[in-house]
$ cat start02.cif   # mmCIF, C-alpha atoms, pLDDT in the B column; chains and numbers go by the auth columns
data_upload
#
loop_
_atom_site.group_PDB
_atom_site.id
_atom_site.type_symbol
_atom_site.label_atom_id
_atom_site.label_comp_id
_atom_site.label_asym_id
_atom_site.label_seq_id
_atom_site.Cartn_x
_atom_site.Cartn_y
_atom_site.Cartn_z
_atom_site.B_iso_or_equiv
_atom_site.auth_seq_id
_atom_site.auth_asym_id
ATOM 1 C CA MET A 1 20.060 0.259 9.734 59.00 665 W
ATOM 2 C CA ASN A 2 22.683 -2.344 8.928 61.00 666 W
ATOM 3 C CA THR A 3 22.911 -3.969 5.506 63.00 667 W
ATOM 4 C CA PRO A 4 21.621 -7.512 6.278 66.00 668 W
ATOM 5 C CA ILE A 5 18.535 -6.097 8.000 66.00 669 W
ATOM 6 C CA SER A 6 17.826 -3.557 5.261 71.00 670 W
ATOM 7 C CA ASP A 7 18.322 -6.339 2.687 79.00 671 W
ATOM 8 C CA THR A 8 15.701 -8.412 4.512 86.00 672 W
ATOM 9 C CA TYR A 9 13.221 -5.542 4.535 89.00 673 W
ATOM 10 C CA GLY A 10 14.092 -4.697 0.935 90.00 674 W
ATOM 11 C CA ARG A 11 13.259 -8.254 -0.081 92.00 675 W
ATOM 12 C CA GLN A 12 9.995 -8.100 1.892 91.00 676 W
ATOM 13 C CA LEU A 13 9.103 -4.772 0.262 93.00 677 W
ATOM 14 C CA ARG A 14 9.819 -6.114 -3.233 93.00 678 W
ATOM 15 C CA GLU A 15 7.560 -9.107 -2.514 93.00 679 W
ATOM 16 C CA MET A 16 4.824 -6.776 -1.259 92.00 680 W
ATOM 17 C CA ARG A 17 5.200 -4.691 -4.425 92.00 681 W
ATOM 18 C CA ALA A 18 4.834 -7.750 -6.643 91.00 682 W
ATOM 19 C CA ASP A 19 1.718 -8.813 -4.691 90.00 683 W
ATOM 20 C CA VAL A 20 0.093 -5.394 -5.054 87.00 684 W
ATOM 21 C CA LEU A 21 0.852 -5.304 -8.776 87.00 685 W
ATOM 22 C CA ALA A 22 -0.664 -8.779 -9.160 87.00 686 W
ATOM 23 C CA GLN A 23 -3.786 -7.638 -7.306 82.00 687 W
ATOM 24 C CA LEU A 24 -4.114 -4.596 -9.542 77.00 688 W
ATOM 25 C CA ARG A 25 -3.703 -6.762 -12.666 79.00 689 W
ATOM 26 C CA ALA A 26 -6.321 -9.213 -11.385 79.00 690 W
ATOM 27 C CA GLN A 27 -8.790 -6.399 -10.694 72.00 691 W
ATOM 28 C CA ARG A 28 -8.270 -5.154 -14.213 67.00 692 W
ATOM 29 C CA GLY A 29 -8.876 -8.578 -15.690 65.00 693 W
ATOM 30 C CA GLY A 30 -5.319 -9.826 -16.079 61.00 694 W
ATOM 31 C CA LYS A 31 -2.983 -8.239 -18.573 59.00 695 W
ATOM 32 C CA ILE A 32 -5.584 -5.999 -20.216 55.00 696 W
ATOM 33 C CA GLY A 33 -5.488 -2.254 -19.702 54.00 697 W
ATOM 34 C CA ARG A 34 -7.693 -0.178 -17.432 54.00 698 W
ATOM 35 C CA ALA A 35 -9.911 1.124 -20.238 54.00 699 W
ATOM 36 C CA GLU A 36 -10.492 -2.360 -21.636 60.00 700 W
ATOM 37 C CA ALA A 37 -11.273 -3.745 -18.157 57.00 701 W
ATOM 38 C CA ALA A 38 -13.773 -0.929 -17.574 59.00 702 W
ATOM 39 C CA ALA A 39 -15.457 -1.630 -20.913 58.00 703 W
ATOM 40 C CA ASN A 40 -15.651 -5.342 -20.094 57.00 704 W
ATOM 41 C CA ALA A 41 -17.160 -4.566 -16.699 58.00 705 W
ATOM 42 C CA ARG A 42 -19.813 -2.358 -18.319 58.00 706 W
ATOM 43 C CA GLU A 43 -20.712 -5.110 -20.774 56.00 707 W
ATOM 44 C CA THR A 44 -21.218 -7.686 -18.024 54.00 708 W
ATOM 45 C CA GLU A 45 -23.064 -5.471 -15.551 53.00 709 W
ATOM 46 C CA SER A 46 -26.411 -6.614 -14.288 52.00 710 W
ATOM 47 C CA ASP A 47 -29.633 -4.681 -14.718 59.00 711 W
ATOM 48 C CA ASP A 48 -29.405 -3.635 -11.068 71.00 712 W
ATOM 49 C CA TRP A 49 -27.856 -0.186 -11.475 72.00 713 W
ATOM 50 C CA ALA A 50 -27.461 0.366 -7.737 76.00 714 W
ATOM 51 C CA GLN A 51 -25.539 -2.882 -7.332 73.00 715 W
ATOM 52 C CA ALA A 52 -23.431 -2.153 -10.400 71.00 716 W
ATOM 53 C CA ASP A 53 -22.603 1.330 -9.086 73.00 717 W
ATOM 54 C CA ALA A 54 -21.691 -0.071 -5.661 74.00 718 W
ATOM 55 C CA GLU A 55 -19.458 -2.725 -7.230 72.00 719 W
ATOM 56 C CA ARG A 56 -17.771 -0.130 -9.429 73.00 720 W
ATOM 57 C CA ASP A 57 -17.232 2.204 -6.453 73.00 721 W
ATOM 58 C CA LEU A 58 -15.723 -0.648 -4.453 72.00 722 W
ATOM 59 C CA ALA A 59 -13.408 -1.583 -7.321 71.00 723 W
ATOM 60 C CA PHE A 60 -12.235 2.036 -7.668 71.00 724 W
ATOM 61 C CA ALA A 61 -11.688 2.332 -3.903 75.00 725 W
ATOM 62 C CA LEU A 62 -9.665 -0.883 -3.842 74.00 726 W
ATOM 63 C CA GLU A 63 -7.561 0.224 -6.781 75.00 727 W
ATOM 64 C CA GLU A 64 -6.961 3.634 -5.194 82.00 728 W
ATOM 65 C CA ARG A 65 -5.892 2.012 -1.906 83.00 729 W
ATOM 66 C CA GLU A 66 -3.588 -0.404 -3.702 84.00 730 W
ATOM 67 C CA SER A 67 -2.108 2.387 -5.807 85.00 731 W
ATOM 68 C CA ALA A 68 -1.372 4.363 -2.625 89.00 732 W
ATOM 69 C CA GLU A 69 0.160 1.224 -1.099 90.00 733 W
ATOM 70 C CA LEU A 70 2.353 0.831 -4.176 91.00 734 W
ATOM 71 C CA VAL A 71 3.605 4.417 -3.798 92.00 735 W
ATOM 72 C CA ALA A 72 4.381 3.808 -0.104 94.00 736 W
ATOM 73 C CA ILE A 73 6.297 0.629 -0.978 94.00 737 W
ATOM 74 C CA ASP A 74 8.295 2.413 -3.693 94.00 738 W
ATOM 75 C CA GLU A 75 9.154 5.201 -1.239 95.00 739 W
ATOM 76 C CA ALA A 76 10.275 2.629 1.350 95.00 740 W
ATOM 77 C CA LEU A 77 12.446 0.913 -1.263 94.00 741 W
ATOM 78 C CA GLN A 78 14.011 4.301 -2.031 95.00 742 W
ATOM 79 C CA ARG A 79 14.778 4.739 1.689 94.00 743 W
ATOM 80 C CA VAL A 80 16.425 1.276 1.670 93.00 744 W
ATOM 81 C CA ALA A 81 18.519 2.356 -1.316 92.00 745 W
ATOM 82 C CA ASP A 82 19.601 5.667 0.231 93.00 746 W
ATOM 83 C CA GLY A 83 20.271 4.196 3.681 92.00 747 W
ATOM 84 C CA SER A 84 17.531 6.057 5.565 94.00 748 W
ATOM 85 C CA TYR A 85 15.177 3.075 5.881 94.00 749 W
ATOM 86 C CA GLY A 86 14.178 2.345 9.463 95.00 750 W
ATOM 87 C CA LEU A 87 14.748 5.897 10.674 96.00 751 W
ATOM 88 C CA CYS A 88 11.810 8.020 11.794 96.00 752 W
ATOM 89 C CA VAL A 89 11.184 10.883 9.370 95.00 753 W
ATOM 90 C CA ASP A 90 10.233 13.172 12.273 96.00 754 W
ATOM 91 C CA CYS A 91 12.783 12.548 15.039 96.00 755 W
ATOM 92 C CA GLY A 92 15.460 10.524 13.223 96.00 756 W
ATOM 93 C CA ASP A 93 15.448 7.723 15.812 97.00 757 W
ATOM 94 C CA ALA A 94 15.365 4.087 14.757 96.00 758 W
ATOM 95 C CA ILE A 95 11.914 2.602 14.191 96.00 759 W
ATOM 96 C CA ALA A 96 11.452 -0.556 16.249 95.00 760 W
ATOM 97 C CA ALA A 97 12.060 -3.757 14.286 93.00 761 W
ATOM 98 C CA ALA A 98 8.693 -5.120 15.448 94.00 762 W
ATOM 99 C CA ARG A 99 6.967 -2.086 13.915 95.00 763 W
ATOM 100 C CA LEU A 100 8.859 -2.478 10.647 94.00 764 W
ATOM 101 C CA HIS A 101 8.043 -6.167 10.583 91.00 765 W
ATOM 102 C CA ALA A 102 4.329 -5.395 11.042 92.00 766 W
ATOM 103 C CA ASN A 103 4.380 -2.399 8.704 94.00 767 W
ATOM 104 C CA PRO A 104 7.474 -2.330 6.456 94.00 768 W
ATOM 105 C CA VAL A 105 6.458 1.035 4.959 95.00 769 W
ATOM 106 C CA ALA A 106 6.292 2.784 8.365 96.00 770 W
ATOM 107 C CA LEU A 107 7.653 6.318 8.239 96.00 771 W
ATOM 108 C CA ARG A 108 7.642 7.076 11.941 96.00 772 W
ATOM 109 C CA CYS A 109 8.456 5.537 15.292 96.00 773 W
ATOM 110 C CA LEU A 110 5.407 4.833 17.458 95.00 774 W
ATOM 111 C CA GLY A 111 5.836 7.998 19.520 95.00 775 W
ATOM 112 C CA CYS A 112 5.954 10.276 16.483 96.00 776 W
ATOM 113 C CA GLN A 113 3.153 8.319 14.783 95.00 777 W
ATOM 114 C CA ASP A 114 0.942 8.866 17.841 94.00 778 W
ATOM 115 C CA LYS A 115 1.742 12.587 17.773 94.00 779 W
ATOM 116 C CA ALA A 116 0.975 12.788 14.046 93.00 780 W
ATOM 117 C CA GLU A 117 -2.331 10.963 14.489 91.00 781 W
ATOM 118 C CA HIS A 118 -3.401 13.101 17.424 89.00 782 W
ATOM 119 C CA ALA A 119 -2.570 16.242 15.458 88.00 783 W
ATOM 120 C CA SER A 120 -4.707 15.045 12.549 81.00 784 W
ATOM 121 C CA GLY A 121 -7.457 13.525 14.689 74.00 785 W
ATOM 122 C CA ALA A 122 -6.857 10.056 13.199 65.00 786 W
ATOM 123 C CA THR A 123 -6.797 6.884 15.256 60.00 787 W
ATOM 124 C CA ARG A 124 -4.565 3.893 14.871 57.00 788 W
ATOM 125 C CA PRO A 125 -6.118 0.419 14.610 56.00 789 W
ATOM 126 C CA ALA A 126 -5.638 -1.847 17.615 50.00 790 W
ATOM 127 C CA GLY A 127 -2.328 -3.667 17.583 48.00 791 W
ATOM 128 C CA TYR A 128 -0.634 -1.243 15.240 48.00 792 W
#
$ encode --input "start02.cif" --output "structure tokens"
Amino acid sequence: MNTPISDTYGRQLREMRADVLAQLRAQRGGKIGRAEAAANARETESDDWAQADAERDLAFALEERESAELVAIDEALQRVADGSYGLCVDCGDAIAAARLHANPVALRCLGCQDKAEHASGATRPAGY
């Protein structure tokens, strides 16, 4: 991928990274640490244990998803740095710009992604 295009995607990835970090900080109550945020959440929980458990499970799931997204963004930024960004990790062909625009952390071209999903039994959301 040429330099101006990889610079554009690098900028987009850095913005995505900053957004995810801001979301994680907000979930944790701003600049406080995870342990302190958990203690604060326990102190303010309602008497409805089922609701509190569901809210806690949702918060953990969101944080786990965002942490995984952060890892994917960091890996994409590494591919930008080493010049392999935009190349399919399976076949080595260029990933379509439209796919990278929709999903800047994409590892595979659509053909290889379909093969990977069929092999794992996963399905891709409509429009992906």
$ axis_aligned_box --input "start02.cif" --around "segment 757-766 of chain W" --padding-each-side "5 Å" --output "lines of an AutoDock Vina configuration file"
center_x = 9.9
center_y = 0.8
center_z = 13.4
size_x = 21.1
size_y = 23.9
size_z = 15.7
$ residues_around --input "start02.cif" --residues "Asp757 of chain W" --least-positions-apart "4" --cutoff "8 Å" --atoms "only C-alpha atoms" --output "count of residues only"
3
$ residues_around --input "start02.cif" --residues "segment 720-727 of chain W" --least-positions-apart "5" --cutoff "9 Å" --atoms "only C-alpha atoms" --output "NGL selection string"
:W and (687-688 or 691 or 705 or 715 or 732)
$ write_last_selection --input "start02.cif" --atoms "C-alpha atoms" --output "PDB file, keeping the file's coordinate frame"
ATOM      1  CA  GLN W 687      -3.786  -7.638  -7.306  1.00 82.00           C
ATOM      2  CA  LEU W 688      -4.114  -4.596  -9.542  1.00 77.00           C
ATOM      3  CA  GLN W 691      -8.790  -6.399 -10.694  1.00 72.00           C
ATOM      4  CA  ALA W 705     -17.160  -4.566 -16.699  1.00 58.00           C
ATOM      5  CA  GLN W 715     -25.539  -2.882  -7.332  1.00 73.00           C
ATOM      6  CA  ALA W 732      -1.372   4.363  -2.625  1.00 89.00           C
TER       7      ALA W 732
END
$ resolve_selection --input "start02.cif" --expression "the PyMOL selection byres ((chain W and resi 740) around 12)" --output "number ranges by chain"
W: 670, 673-678, 680-681, 733-739, 741-753, 764, 767-772
$ atom_distance --input "start02.cif" --atom1 "atom CA of Ala716 of chain W" --atom2 "atom CA of Ala690 of chain W"
18.5 Å
$ atom_distance --input "start02.cif" --atom1 "atom CA of Val684 of chain W" --atom2 "atom CA of Trp713 of chain W"
29.1 Å
$ atom_distance --input "start02.cif" --atom1 "atom CA of Gly785 of chain W" --atom2 "atom CA of Ser731 of chain W"
23.9 Å
$ closest_residue --input "start02.cif" --among "W:Cys755, W:Ala714, W:Ala760, W:Ala766" --to "Lys779 of chain W" --atoms "only C-alpha atoms"
W:Cys755
$ build_atoms --input "start02.cif" --residues "segment 709-734 of chain W" --atoms "N, CA, C and O atoms" --output "mmCIF file, in the coordinates of the input"
data_model
loop_
_atom_site.group_PDB
_atom_site.id
_atom_site.type_symbol
_atom_site.label_atom_id
_atom_site.label_comp_id
_atom_site.auth_asym_id
_atom_site.auth_seq_id
_atom_site.Cartn_x
_atom_site.Cartn_y
_atom_site.Cartn_z
ATOM 1 N N GLU W 709 -22.295 -5.960 -16.694
ATOM 2 C CA GLU W 709 -23.064 -5.471 -15.551
ATOM 3 C C GLU W 709 -24.491 -5.995 -15.585
ATOM 4 O O GLU W 709 -25.085 -6.185 -16.641
ATOM 5 N N SER W 710 -25.027 -6.164 -14.394
ATOM 6 C CA SER W 710 -26.411 -6.614 -14.288
ATOM 7 C C SER W 710 -27.350 -5.435 -14.521
ATOM 8 O O SER W 710 -26.918 -4.294 -14.650
ATOM 9 N N ASP W 711 -28.640 -5.732 -14.547
ATOM 10 C CA ASP W 711 -29.633 -4.681 -14.718
ATOM 11 C C ASP W 711 -29.830 -3.876 -13.445
ATOM 12 O O ASP W 711 -30.494 -2.849 -13.463
ATOM 13 N N ASP W 712 -29.283 -4.336 -12.346
ATOM 14 C CA ASP W 712 -29.405 -3.635 -11.068
ATOM 15 C C ASP W 712 -28.360 -2.524 -11.027
ATOM 16 O O ASP W 712 -27.210 -2.739 -10.678
ATOM 17 N N TRP W 713 -28.781 -1.325 -11.392
ATOM 18 C CA TRP W 713 -27.856 -0.186 -11.475
ATOM 19 C C TRP W 713 -27.229 0.137 -10.131
ATOM 20 O O TRP W 713 -26.046 0.468 -10.066
ATOM 21 N N ALA W 714 -28.004 0.052 -9.064
ATOM 22 C CA ALA W 714 -27.461 0.366 -7.737
ATOM 23 C C ALA W 714 -26.341 -0.607 -7.373
ATOM 24 O O ALA W 714 -25.290 -0.201 -6.872
ATOM 25 N N GLN W 715 -26.566 -1.890 -7.627
ATOM 26 C CA GLN W 715 -25.539 -2.882 -7.332
ATOM 27 C C GLN W 715 -24.319 -2.656 -8.216
ATOM 28 O O GLN W 715 -23.186 -2.741 -7.747
ATOM 29 N N ALA W 716 -24.547 -2.386 -9.479
ATOM 30 C CA ALA W 716 -23.431 -2.153 -10.400
ATOM 31 C C ALA W 716 -22.618 -0.939 -9.966
ATOM 32 O O ALA W 716 -21.379 -0.968 -9.986
ATOM 33 N N ASP W 717 -23.311 0.131 -9.557
ATOM 34 C CA ASP W 717 -22.603 1.330 -9.086
ATOM 35 C C ASP W 717 -21.803 1.035 -7.827
ATOM 36 O O ASP W 717 -20.663 1.478 -7.686
ATOM 37 N N ALA W 718 -22.386 0.274 -6.899
ATOM 38 C CA ALA W 718 -21.691 -0.071 -5.661
ATOM 39 C C ALA W 718 -20.458 -0.922 -5.956
ATOM 40 O O ALA W 718 -19.391 -0.703 -5.371
ATOM 41 N N GLU W 719 -20.589 -1.875 -6.867
ATOM 42 C CA GLU W 719 -19.458 -2.725 -7.230
ATOM 43 C C GLU W 719 -18.359 -1.909 -7.897
ATOM 44 O O GLU W 719 -17.173 -2.111 -7.633
ATOM 45 N N ARG W 720 -18.747 -0.983 -8.751
ATOM 46 C CA ARG W 720 -17.771 -0.130 -9.429
ATOM 47 C C ARG W 720 -17.059 0.778 -8.413
ATOM 48 O O ARG W 720 -15.842 0.931 -8.454
ATOM 49 N N ASP W 721 -17.834 1.354 -7.484
ATOM 50 C CA ASP W 721 -17.232 2.204 -6.453
ATOM 51 C C ASP W 721 -16.244 1.421 -5.596
ATOM 52 O O ASP W 721 -15.173 1.917 -5.254
ATOM 53 N N LEU W 722 -16.617 0.188 -5.250
ATOM 54 C CA LEU W 722 -15.723 -0.648 -4.453
ATOM 55 C C LEU W 722 -14.447 -0.957 -5.230
ATOM 56 O O LEU W 722 -13.346 -0.880 -4.684
ATOM 57 N N ALA W 723 -14.576 -1.282 -6.493
ATOM 58 C CA ALA W 723 -13.408 -1.583 -7.321
ATOM 59 C C ALA W 723 -12.481 -0.374 -7.417
ATOM 60 O O ALA W 723 -11.256 -0.502 -7.301
ATOM 61 N N PHE W 724 -13.055 0.820 -7.600
ATOM 62 C CA PHE W 724 -12.235 2.036 -7.668
ATOM 63 C C PHE W 724 -11.551 2.304 -6.334
ATOM 64 O O PHE W 724 -10.376 2.671 -6.295
ATOM 65 N N ALA W 725 -12.269 2.110 -5.230
ATOM 66 C CA ALA W 725 -11.688 2.332 -3.903
ATOM 67 C C ALA W 725 -10.533 1.368 -3.645
ATOM 68 O O ALA W 725 -9.489 1.764 -3.116
ATOM 69 N N LEU W 726 -10.733 0.098 -4.024
ATOM 70 C CA LEU W 726 -9.665 -0.883 -3.842
ATOM 71 C C LEU W 726 -8.448 -0.534 -4.683
ATOM 72 O O LEU W 726 -7.312 -0.616 -4.220
ATOM 73 N N GLU W 727 -8.687 -0.132 -5.913
ATOM 74 C CA GLU W 727 -7.561 0.224 -6.781
ATOM 75 C C GLU W 727 -6.837 1.457 -6.251
ATOM 76 O O GLU W 727 -5.608 1.518 -6.270
ATOM 77 N N GLU W 728 -7.577 2.431 -5.747
ATOM 78 C CA GLU W 728 -6.961 3.634 -5.194
ATOM 79 C C GLU W 728 -6.108 3.288 -3.975
ATOM 80 O O GLU W 728 -4.984 3.756 -3.826
ATOM 81 N N ARG W 729 -6.641 2.419 -3.094
ATOM 82 C CA ARG W 729 -5.892 2.012 -1.906
ATOM 83 C C ARG W 729 -4.623 1.268 -2.307
ATOM 84 O O ARG W 729 -3.542 1.515 -1.773
ATOM 85 N N GLU W 730 -4.747 0.365 -3.274
ATOM 86 C CA GLU W 730 -3.588 -0.404 -3.702
ATOM 87 C C GLU W 730 -2.571 0.468 -4.429
ATOM 88 O O GLU W 730 -1.368 0.256 -4.299
ATOM 89 N N SER W 731 -3.030 1.466 -5.159
ATOM 90 C CA SER W 731 -2.108 2.387 -5.807
ATOM 91 C C SER W 731 -1.340 3.194 -4.762
ATOM 92 O O SER W 731 -0.126 3.400 -4.890
ATOM 93 N N ALA W 732 -2.035 3.635 -3.709
ATOM 94 C CA ALA W 732 -1.372 4.363 -2.625
ATOM 95 C C ALA W 732 -0.372 3.456 -1.911
ATOM 96 O O ALA W 732 0.730 3.886 -1.535
ATOM 97 N N GLU W 733 -0.747 2.188 -1.730
ATOM 98 C CA GLU W 733 0.160 1.224 -1.099
ATOM 99 C C GLU W 733 1.405 1.024 -1.961
ATOM 100 O O GLU W 733 2.527 0.949 -1.446
ATOM 101 N N LEU W 734 1.227 0.986 -3.259
ATOM 102 C CA LEU W 734 2.353 0.831 -4.176
ATOM 103 C C LEU W 734 3.311 2.015 -4.060
ATOM 104 O O LEU W 734 4.532 1.841 -4.029
#
